[in-house]
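So this block is input-v6.txt, compact mmCIF, C-alpha atoms and all ligand atoms:
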```
# COMPACT_ATOMS: atom_id res chain seq x y z
CA MET B 17 0.00 0.00 0.00
CA ASN B 18 1.26 3.45 -0.89
CA ILE B 19 1.35 5.43 2.34
CA ILE B 20 1.60 9.16 2.90
CA ARG B 21 2.64 10.46 6.29
CA SER B 22 1.02 13.74 7.20
CA ALA B 23 3.10 15.83 9.57
CA ARG B 24 0.18 17.86 10.84
CA PHE B 25 -2.06 14.86 11.43
CA GLY B 26 0.60 13.72 13.91
CA ALA B 27 3.69 11.69 13.21
CA SER B 28 1.90 8.38 13.70
CA THR B 29 -1.09 9.08 11.46
CA LEU B 30 -0.89 7.20 8.21
CA ILE B 31 -3.16 8.05 5.35
CA PRO B 32 -3.72 5.23 2.88
CA LYS B 33 -3.42 6.46 -0.68
CA ASN B 34 -6.10 5.53 -3.24
CA CYS B 35 -8.81 5.36 -0.55
CA TRP B 36 -9.51 9.03 -1.18
CA SER B 37 -11.00 10.93 -4.02
CA VAL B 38 -8.56 12.44 -6.56
CA VAL B 39 -8.22 15.67 -4.60
CA ARG B 40 -7.23 14.90 -1.04
CA SER B 41 -6.65 17.18 1.92
CA ILE B 42 -3.11 16.98 3.31
CA SER B 43 -3.66 19.46 6.09
CA SER B 44 -5.97 22.30 6.85
CA THR B 45 -6.40 24.94 9.50
CA GLU B 46 -8.94 27.71 9.95
CA LEU B 47 -6.75 29.90 7.74
CA THR B 48 -5.29 27.59 5.10
CA LYS B 49 -6.25 24.50 3.15
CA LEU B 50 -3.65 22.25 1.55
CA GLU B 51 -4.97 19.74 -0.95
CA VAL B 52 -3.12 17.42 -3.27
CA ASN B 53 -4.30 15.98 -6.55
CA ASP B 54 -3.38 12.30 -6.30
CA LYS B 55 -3.17 11.95 -10.06
CA THR B 56 -0.71 14.79 -10.63
CA GLY B 57 0.91 14.96 -7.19
CA ILE B 58 0.47 18.74 -7.30
CA ALA B 59 -0.72 20.52 -4.15
CA VAL B 60 -2.90 23.61 -3.93
CA LEU B 61 -2.57 25.86 -0.91
CA THR B 62 -5.62 28.09 -0.46
CA LEU B 63 -5.34 31.13 1.79
CA ASN B 64 -8.55 31.60 3.71
CA ARG B 65 -8.48 34.57 6.05
CA PRO B 66 -11.47 36.75 5.13
CA PRO B 67 -12.02 39.44 4.19
CA VAL B 68 -8.65 40.10 2.49
CA ASN B 69 -6.13 37.41 3.52
CA SER B 70 -4.05 39.98 5.35
CA LEU B 71 -0.93 38.23 6.61
CA ASN B 72 -0.90 38.07 10.40
CA LEU B 73 1.35 35.88 12.57
CA GLU B 74 -1.05 32.92 12.49
CA LEU B 75 -1.61 32.97 8.72
CA LEU B 76 2.12 33.28 8.04
CA THR B 77 2.83 30.34 10.35
CA ASP B 78 0.17 28.22 8.64
CA ILE B 79 1.53 29.09 5.18
CA ARG B 80 5.02 28.03 6.20
CA ASN B 81 3.78 24.80 7.78
CA SER B 82 1.78 24.03 4.62
CA ILE B 83 4.80 24.51 2.36
CA LYS B 84 6.76 22.16 4.59
CA ASP B 85 3.87 19.66 4.55
CA ALA B 86 3.78 19.77 0.73
CA GLU B 87 7.53 19.15 0.64
CA SER B 88 7.53 16.35 3.19
CA ASN B 89 4.64 14.67 1.40
CA LYS B 90 6.79 14.73 -1.75
CA CYS B 91 4.30 16.79 -3.74
CA ARG B 92 5.45 17.46 -7.29
CA GLY B 93 4.66 21.16 -7.01
CA LEU B 94 2.77 23.75 -5.00
CA ILE B 95 0.20 26.29 -6.18
CA LEU B 96 -0.78 29.25 -4.01
CA THR B 97 -4.24 30.75 -4.37
CA SER B 98 -7.00 32.45 -2.38
CA SER B 99 -10.52 31.52 -1.29
CA SER B 100 -11.60 35.13 -1.99
CA ASN B 101 -13.02 36.18 -5.35
CA SER B 102 -11.33 39.54 -5.28
CA VAL B 103 -8.21 39.48 -3.10
CA PHE B 104 -5.21 37.14 -3.37
CA SER B 105 -3.68 38.74 -0.29
CA ALA B 106 -3.82 42.35 1.00
CA GLY B 107 -0.25 41.97 2.25
CA LEU B 108 0.90 42.31 5.82
CA ASP B 109 -1.82 42.83 8.38
CA PHE B 110 -1.65 46.48 9.42
CA LEU B 111 -3.05 45.50 12.79
CA GLU B 112 0.22 43.64 13.48
CA MET B 113 2.23 46.78 12.75
CA TYR B 114 0.02 49.65 13.91
CA GLN B 115 0.43 50.44 17.62
CA PRO B 116 2.13 47.07 18.11
CA LYS B 117 3.22 45.17 21.21
CA GLU B 118 6.97 44.55 20.90
CA GLU B 119 7.02 40.79 21.57
CA ARG B 120 4.21 40.11 19.10
CA LEU B 121 5.85 42.42 16.52
CA LYS B 122 9.08 40.42 16.82
CA SER B 123 7.28 37.08 16.41
CA PHE B 124 5.35 38.46 13.45
CA TRP B 125 8.42 39.66 11.54
CA THR B 126 10.38 36.52 12.39
CA ALA B 127 7.48 34.44 11.00
CA LEU B 128 7.47 36.53 7.82
CA GLN B 129 11.22 36.02 7.37
CA SER B 130 10.85 32.26 7.86
CA THR B 131 7.86 31.98 5.54
CA TRP B 132 9.66 33.91 2.80
CA MET B 133 12.82 31.77 3.12
CA THR B 134 10.72 28.59 3.01
CA LEU B 135 8.75 29.66 -0.06
CA TYR B 136 11.55 31.39 -1.99
CA GLY B 137 13.92 28.53 -1.27
CA SER B 138 11.47 25.65 -1.70
CA LYS B 139 12.90 22.64 -3.53
CA ILE B 140 9.61 21.91 -5.27
CA PRO B 141 8.22 23.96 -8.17
CA THR B 142 6.00 26.80 -6.93
CA ALA B 143 3.35 28.82 -8.75
CA ALA B 144 0.83 31.51 -7.85
CA ALA B 145 -2.73 31.56 -9.19
CA ILE B 146 -3.41 35.22 -8.45
CA ASN B 147 -7.18 35.40 -8.35
CA GLY B 148 -7.45 38.88 -6.84
CA HIS B 149 -5.52 41.96 -5.75
CA ALA B 150 -1.97 41.33 -4.54
CA PRO B 151 -0.47 44.45 -2.94
CA ALA B 152 2.81 44.47 -0.97
CA GLY B 153 3.16 41.24 1.04
CA GLY B 154 0.63 39.65 -1.37
CA CYS B 155 2.95 40.53 -4.23
CA LEU B 156 5.91 39.20 -2.20
CA LEU B 157 4.22 35.79 -1.92
CA ALA B 158 3.55 35.75 -5.67
CA THR B 159 7.04 36.89 -6.70
CA SER B 160 8.61 34.31 -4.41
CA CYS B 161 7.06 31.62 -6.61
CA GLU B 162 8.56 30.52 -9.93
CA TYR B 163 5.51 31.24 -12.06
CA ARG B 164 2.53 33.60 -11.87
CA VAL B 165 -0.81 33.66 -13.62
CA MET B 166 -3.36 36.38 -12.87
CA LEU B 167 -7.03 37.11 -13.47
CA PRO B 168 -8.00 40.36 -15.25
CA LYS B 169 -8.95 43.65 -13.60
CA PHE B 170 -6.92 43.24 -10.42
CA THR B 171 -3.74 44.95 -9.22
CA ILE B 172 -0.35 43.75 -8.02
CA GLY B 173 2.80 45.49 -6.81
CA LEU B 174 5.00 46.62 -3.96
CA ASN B 175 3.26 49.80 -2.78
CA GLU B 176 5.28 50.36 0.42
CA THR B 177 6.45 53.89 -0.45
CA LEU B 178 2.80 54.95 -0.87
CA ILE B 179 2.26 53.97 2.77
CA GLY B 180 5.41 55.79 3.87
CA ILE B 181 7.41 52.62 4.57
CA VAL B 182 10.42 51.07 2.87
CA ALA B 183 10.41 47.57 1.40
CA PRO B 184 13.29 45.56 2.90
CA ASN B 185 16.07 44.21 0.66
CA TRP B 186 14.58 40.75 0.39
CA PHE B 187 11.23 42.16 -0.84
CA MET B 188 13.24 44.04 -3.47
CA ASN B 189 15.26 40.95 -4.35
CA SER B 190 12.09 38.94 -4.97
CA TYR B 191 10.93 41.73 -7.31
CA LEU B 192 14.33 41.86 -9.01
CA ASN B 193 14.21 38.11 -9.56
CA VAL B 194 11.22 38.74 -11.83
CA LEU B 195 11.49 42.29 -13.18
CA PRO B 196 14.23 44.14 -15.07
CA ARG B 197 16.18 46.39 -12.68
CA ARG B 198 15.01 49.67 -14.21
CA VAL B 199 11.34 48.63 -14.09
CA ALA B 200 11.73 47.42 -10.50
CA GLU B 201 13.41 50.65 -9.36
CA LEU B 202 10.79 52.87 -11.00
CA ALA B 203 7.94 50.75 -9.64
CA LEU B 204 9.33 50.53 -6.10
CA THR B 205 10.11 54.22 -5.80
CA GLN B 206 6.59 55.10 -7.00
CA GLY B 207 4.88 52.36 -4.98
CA LYS B 208 3.29 51.37 -8.27
CA MET B 209 0.36 48.99 -8.35
CA PHE B 210 0.25 47.35 -11.79
CA THR B 211 -3.03 46.40 -13.39
CA THR B 212 -3.17 42.81 -14.60
CA ALA B 213 -2.50 43.95 -18.17
CA GLU B 214 0.47 46.13 -17.12
CA ALA B 215 1.84 43.33 -14.95
CA GLN B 216 1.81 40.98 -17.91
CA GLN B 217 3.44 43.59 -20.12
CA VAL B 218 6.42 44.11 -17.79
CA GLY B 219 6.72 40.40 -16.97
CA LEU B 220 5.52 40.61 -13.37
CA VAL B 221 2.98 37.92 -14.29
CA ASP B 222 3.57 35.27 -16.92
CA ASP B 223 0.01 34.65 -18.09
CA VAL B 224 -3.49 36.05 -17.80
CA VAL B 225 -6.63 33.89 -17.76
CA ASN B 226 -10.28 34.51 -16.98
CA THR B 227 -11.11 32.11 -14.14
CA LYS B 228 -9.51 30.63 -11.05
CA GLU B 229 -9.90 27.14 -12.53
CA GLU B 230 -7.99 28.20 -15.65
CA ALA B 231 -5.35 29.80 -13.43
CA ILE B 232 -4.86 26.57 -11.48
CA ALA B 233 -4.71 24.63 -14.77
CA LYS B 234 -2.02 27.01 -16.09
CA CYS B 235 0.00 26.55 -12.90
CA GLU B 236 -0.33 22.77 -13.26
CA GLU B 237 0.87 23.09 -16.85
CA PHE B 238 3.92 25.04 -15.64
CA ILE B 239 4.71 22.48 -12.94
CA GLY B 240 4.17 19.73 -15.54
CA LEU B 241 7.16 21.13 -17.48
CA PHE B 242 9.41 19.49 -14.89
CA LYS B 243 7.85 16.04 -15.18
CA LYS B 244 10.88 14.60 -16.94
CA ILE B 245 13.49 16.66 -15.10
CA ASN B 246 15.46 15.10 -12.27
CA PRO B 247 14.03 16.80 -9.14
CA TYR B 248 17.42 16.90 -7.41
CA ALA B 249 19.10 18.61 -10.37
CA ARG B 250 16.16 20.99 -10.66
CA ALA B 251 16.19 21.90 -6.96
CA LEU B 252 19.95 22.54 -6.92
CA THR B 253 19.73 24.67 -10.04
CA LYS B 254 16.92 26.76 -8.52
CA GLN B 255 18.93 27.04 -5.31
CA GLN B 256 21.96 28.38 -7.17
CA PHE B 257 19.82 31.16 -8.64
CA ARG B 258 18.38 32.12 -5.25
CA ILE B 259 21.07 31.25 -2.69
CA ASN B 260 22.61 34.75 -2.48
CA HIS B 261 19.27 36.34 -1.62
CA LEU B 262 18.50 33.61 0.92
CA GLN B 263 21.91 33.82 2.57
CA GLU B 264 21.72 37.60 2.72
CA LEU B 265 18.65 37.38 4.94
CA GLU B 266 19.77 34.26 6.83
CA GLN B 267 23.03 35.99 7.83
CA ASN B 268 21.31 39.25 8.76
CA ARG B 269 18.07 38.11 10.34
CA GLU B 270 18.57 39.86 13.66
CA GLN B 271 19.73 43.08 11.97
CA ASP B 272 16.73 42.95 9.62
CA LEU B 273 14.41 42.42 12.61
CA GLN B 274 15.90 45.37 14.50
CA ALA B 275 15.67 47.60 11.40
CA PHE B 276 12.01 46.63 11.00
CA ILE B 277 11.19 47.32 14.65
CA ALA B 278 12.98 50.67 14.57
CA ALA B 279 11.26 51.70 11.32
CA ILE B 280 7.79 50.55 12.32
CA THR B 281 7.82 51.99 15.83
CA ASN B 282 9.11 55.33 14.59
CA PRO B 283 6.37 57.88 15.40
CA SER B 284 6.31 59.24 11.84
CA THR B 285 5.81 55.71 10.40
CA GLN B 286 3.03 55.11 12.91
CA ALA B 287 1.38 58.39 11.92
CA ALA B 288 1.63 57.57 8.20
CA MET B 289 0.26 54.07 8.78
CA GLY B 290 -2.56 55.41 10.96
CA ALA B 291 -3.59 57.84 8.21
CA TYR B 292 -3.40 55.12 5.56
CA LEU B 293 -5.52 52.76 7.69
CA GLU B 294 -8.06 55.50 8.36
CA ASN B 295 -8.35 56.13 4.64
CA LEU B 296 -8.72 52.40 3.96
CA LYS B 297 -11.52 52.14 6.51
CA LYS B 298 -13.31 55.22 5.08
CA ARG B 299 -13.06 53.76 1.58
CA SER B 300 -14.52 50.43 2.70
CA LYS B 301 -17.62 52.07 4.29
C1 LIG B 401 15.68 49.42 4.92
C2 LIG B 401 15.08 49.05 6.23
C3 LIG B 401 13.71 48.53 6.06
C4 LIG B 401 13.15 48.20 7.38
C5 LIG B 401 11.76 47.72 7.29
C6 LIG B 401 10.77 48.79 7.35
C7 LIG B 401 9.50 48.63 7.11
C8 LIG B 401 8.94 47.33 6.87
C9 LIG B 401 8.11 47.22 5.69
C10 LIG B 401 6.88 46.51 6.03
C11 LIG B 401 6.31 45.97 4.81
C12 LIG B 401 5.00 45.93 4.64
C13 LIG B 401 4.43 45.33 3.46
C14 LIG B 401 2.93 45.20 3.51
O1 LIG B 401 2.43 44.20 3.08
S1 LIG B 401 2.02 46.47 4.17
C15 LIG B 401 0.37 46.13 3.68
C16 LIG B 401 0.08 46.80 2.38
N1 LIG B 401 -1.25 46.50 1.93
C17 LIG B 401 -2.02 47.38 1.35
O2 LIG B 401 -1.68 48.52 1.16
C18 LIG B 401 -3.38 46.89 0.93
C19 LIG B 401 -4.46 47.68 1.56
N2 LIG B 401 -5.76 47.16 1.18
C20 LIG B 401 -6.36 47.45 0.00
O3 LIG B 401 -5.85 48.16 -0.83
C21 LIG B 401 -7.71 46.84 -0.21
O4 LIG B 401 -8.20 46.41 1.01
C22 LIG B 401 -7.71 45.68 -1.21
C23 LIG B 401 -6.68 44.62 -0.84
C24 LIG B 401 -7.46 46.20 -2.64
C25 LIG B 401 -9.11 45.00 -1.18
O5 LIG B 401 -10.10 45.95 -1.41
P1 LIG B 401 -11.62 45.62 -1.02
O6 LIG B 401 -11.98 44.28 -1.47
O7 LIG B 401 -12.43 46.77 -1.47
O8 LIG B 401 -11.59 45.51 0.58
P2 LIG B 401 -11.58 46.72 1.63
O9 LIG B 401 -10.58 47.73 1.25
O10 LIG B 401 -12.99 47.16 1.83
O11 LIG B 401 -11.04 45.98 2.94
C26 LIG B 401 -11.86 45.12 3.72
C27 LIG B 401 -11.40 45.22 5.15
O12 LIG B 401 -10.05 44.74 5.23
C28 LIG B 401 -9.21 45.73 5.84
N3 LIG B 401 -7.85 45.62 5.27
C29 LIG B 401 -7.49 45.75 4.00
N4 LIG B 401 -6.17 45.55 3.85
C30 LIG B 401 -5.69 45.30 5.09
C31 LIG B 401 -4.39 45.01 5.60
N5 LIG B 401 -3.30 44.92 4.82
N6 LIG B 401 -4.25 44.81 6.92
C32 LIG B 401 -5.33 44.86 7.74
N7 LIG B 401 -6.60 45.14 7.30
C33 LIG B 401 -6.77 45.34 6.00
C34 LIG B 401 -9.91 47.03 5.48
O13 LIG B 401 -9.50 48.07 6.34
C35 LIG B 401 -11.36 46.66 5.65
O14 LIG B 401 -11.61 46.63 7.04
P3 LIG B 401 -13.01 47.13 7.64
O15 LIG B 401 -14.05 46.29 6.97
O16 LIG B 401 -12.89 46.91 9.10
O17 LIG B 401 -13.15 48.58 7.28
```

How does this structure look as structure tokens?
Amino acid sequence: MNIIRSARFGASTLIPKNCWSVVRSISSTELTKLEVNDKTGIAVLTLNRPPVNSLNLELLTDIRNSIKDAESNKCRGLILTSSSNSVFSAGLDFLEMYQPKEERLKSFWTALQSTWMTLYGSKIPTAAAINGHAPAGGCLLATSCEYRVMLPKFTIGLNETLIGIVAPNWFMNSYLNVLPRRVAELALTQGKMFTTAEAQQVGLVDDVVNTKEEAIAKCEEFIGLFKKINPYARALTKQQFRINHLQELEQNREQDLQAFIAAITNPSTQAAMGAYLENLKKRSK
């Protein structure tokens, strides 16, 4: 019998393969759902934190655990998507950063660092089915993957400067891994949010399709490209492309954390964030 061991069902829980329907849940929490297609071996991770999948400590932790679950279950690839019809992820949860408690702020940023390193450095092929807006941290998740497909009439980009904050190096590096340097610099300094069409034009997304189902199918097609490629050779090749960015953060984690805390707790950053949040709340009324 082909057995899959699910880390989050407990080390001793064995799930018999073939006793399940084609799509099978590997692990799920209140905030994420990780399902694998038994035929293709490709997993889909759905973010499910209504209304906008803003990334708080718990969601980040669940995303990281899910990536690790997909890897340890030897999935052939991982697709990130959202349960919302209009938002992929609204980026970092402002409530974690606005008037924060220091211990929670530290745990939050440390979880973001870990989640990024796990996703950006994952050995398995990764793809994002961007079925809604993807500002800031939402864009970071997407650009950390190897392939992106997006639905029309949404927006994506690193808009930090618009909020009065600075995207850390590793956010920029994820952007630079996808965009030409000049485009990245112009976009980052303006805090530009690209429409789907603009994103495709500059190469921020690889394809545009009309439905979430088509987006997942495109991601599966991308992951299928590696069917005949030795996974070990593939993973090492990907690692060589990304190792400098990963090491840069790994070796400077504490410094990066302290820079974040100093920047976020600065009264002028708090004032800018407060005004931005106020505006967001007014707009949503
Ligand atoms: C060199 C040294 C560097 C040191 C480091 C320094 C700084 C660190 C940098 C930190 C990096 C931060 C990156 C981020 O990710 S910041 C987050 C940026 N995100 C945004 O700007 C997105 C804001 N949201 C929107 O634009 C929209 O909500 C939307 C995503 C387009 C969706 O629009 P819509 O569907 O119309 O939904 P609403 O706008 O009505 O929102 C519903 C509800 O959700 C609240 N909300 C939205 N986004 C967030 C969020 N990111 N965090 C928390 N809450 C959010 C919104 O306020 C509404 O709430 P109410 O219903 O209660 O009003």

Can you write out as JSON lines which residues of chain B fall within 6 Å of ligand LIG 401 (chain B), alongside each residue's closest atom pair and its distance in Å to one decimal, counting only C-alpha atoms and all ligand atoms and ordering rows by chain and ascending residue number?
```
{"residue": "B:Pro67", "atom": "CA", "partner": "B:LIG401", "partner_atom": "C26", "distance": 5.7}
{"residue": "B:Val68", "atom": "CA", "partner": "B:LIG401", "partner_atom": "O12", "distance": 5.6}
{"residue": "B:Ser70", "atom": "CA", "partner": "B:LIG401", "partner_atom": "N5", "distance": 5.0}
{"residue": "B:Val103", "atom": "CA", "partner": "B:LIG401", "partner_atom": "C23", "distance": 5.8}
{"residue": "B:Ala106", "atom": "CA", "partner": "B:LIG401", "partner_atom": "C23", "distance": 4.1}
{"residue": "B:Gly107", "atom": "CA", "partner": "B:LIG401", "partner_atom": "O1", "distance": 3.6}
{"residue": "B:Leu108", "atom": "CA", "partner": "B:LIG401", "partner_atom": "O1", "distance": 3.7}
{"residue": "B:Asp109", "atom": "CA", "partner": "B:LIG401", "partner_atom": "N6", "distance": 3.5}
{"residue": "B:Phe110", "atom": "CA", "partner": "B:LIG401", "partner_atom": "N6", "distance": 4.0}
{"residue": "B:Leu111", "atom": "CA", "partner": "B:LIG401", "partner_atom": "C32", "distance": 5.6}
{"residue": "B:His149", "atom": "CA", "partner": "B:LIG401", "partner_atom": "C24", "distance": 5.6}
{"residue": "B:Pro151", "atom": "CA", "partner": "B:LIG401", "partner_atom": "N1", "distance": 5.3}
{"residue": "B:Ala152", "atom": "CA", "partner": "B:LIG401", "partner_atom": "O1", "distance": 4.1}
{"residue": "B:Gly153", "atom": "CA", "partner": "B:LIG401", "partner_atom": "O1", "distance": 3.7}
{"residue": "B:Glu176", "atom": "CA", "partner": "B:LIG401", "partner_atom": "C13", "distance": 5.9}
{"residue": "B:Ile181", "atom": "CA", "partner": "B:LIG401", "partner_atom": "C7", "distance": 5.2}
{"residue": "B:Val182", "atom": "CA", "partner": "B:LIG401", "partner_atom": "C7", "distance": 5.0}
{"residue": "B:Ala183", "atom": "CA", "partner": "B:LIG401", "partner_atom": "C9", "distance": 4.9}
{"residue": "B:Pro184", "atom": "CA", "partner": "B:LIG401", "partner_atom": "C3", "distance": 4.4}
{"residue": "B:Ala275", "atom": "CA", "partner": "B:LIG401", "partner_atom": "C4", "distance": 4.8}
{"residue": "B:Phe276", "atom": "CA", "partner": "B:LIG401", "partner_atom": "C5", "distance": 3.9}
{"residue": "B:Ala279", "atom": "CA", "partner": "B:LIG401", "partner_atom": "C6", "distance": 4.9}
{"residue": "B:Ile280", "atom": "CA", "partner": "B:LIG401", "partner_atom": "C7", "distance": 5.8}
{"residue": "B:Leu296", "atom": "CA", "partner": "B:LIG401", "partner_atom": "O13", "distance": 5.0}
{"residue": "B:Lys297", "atom": "CA", "partner": "B:LIG401", "partner_atom": "O17", "distance": 4.0}
{"residue": "B:Ser300", "atom": "CA", "partner": "B:LIG401", "partner_atom": "O10", "distance": 3.7}
```

Exercise for review: Go through B:Leu178, B:Ile140, B:Ala127, B:Val194 and flag the residue nearest Arg250 (chain B), using only C-alpha atoms for the distances.
Suggested key: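 Of the candidates, the smallest distance to Arg250 (chain B) is held by B:Ile140.
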
**Study point:** Long-range neighbours of region 233-246 of chain B as a PyMOL selection string, 9 Å cut-off, only C-alpha atoms, 5 positions minimum in chain
**Key:** chain B and resi 56+58+92-95+141-145+163-165+223+225+228+251

Check your understanding: Closest to Gln115 (chain B) among B:Ile232, B:Leu293, B:Ala215, B:Leu265, using all atoms listed in the file?
Key -> B:Leu293

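CA of Phe210 (chain B) is found 18.5 Å from CA of Asn101 (chain B).
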
Review point. Pick from B:Ser123, B:Ser105, B:Asn260, B:Thr212: nearest to Ala158 (chain B), with only C-alpha atoms counted?
Key: B:Ser105

Point to revise | Among listed residues B:Thr285, B:Asn69, B:Asn185, B:Ser43, nearest Gln129 (chain B) (using all atoms listed in the file) | key: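 Smallest separation from Gln129 (chain B) among the options: B:Asn185.
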
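Interatomic distance, CA of Phe187 (chain B) against CA of Cys155 (chain B): 9.1 Å.
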
Exercise for review: Name the residues in contact with Glu87 (chain B) at a cut-off of 12 Å, using all atoms listed in the file, excluding same-chain residues fewer than 6 positions from it; report them as a ChimeraX atom specification.
Suggested key: /B:20-23,42,50,52,57-59,80-81,93-94,134-135,137-142,247,251

**Study point:** Contact residues around Asn147 (chain B) with all atoms listed in the file at 9 Å, ignoring same-chain residues under 4 positions, as a list in words
**Key:**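 Once the nearby chain positions are removed, what remains is Thr97, Ser98, Ser99, Ser100, Asn101, Ser102, Val103, Phe104, Val165, Met166, Leu167, Pro168, Phe170, Thr227, Lys228 and Ala231 of chain B.
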
Review point. Contacts of Trp132 (chain B) at 9 Å or less, counting only C-alpha atoms, minus same-chain residues fewer than 6 places along, as a VMD selection string?
Key: chain B and resid 80 156 to 157 160 186

Pull C-alpha atoms from the residues just selected and write them as a JSON list (two decimals), keeping the file's coordinate frame.
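Saved file selection.json follows:
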```
[["chain", "number", "residue", "atom", "x", "y", "z"],
["B", 80, "ARG", "CA", 5.02, 28.03, 6.20],
["B", 156, "LEU", "CA", 5.91, 39.20, -2.20],
["B", 157, "LEU", "CA", 4.22, 35.79, -1.92],
["B", 160, "SER", "CA", 8.61, 34.31, -4.41],
["B", 186, "TRP", "CA", 14.58, 40.75, 0.39]]
```
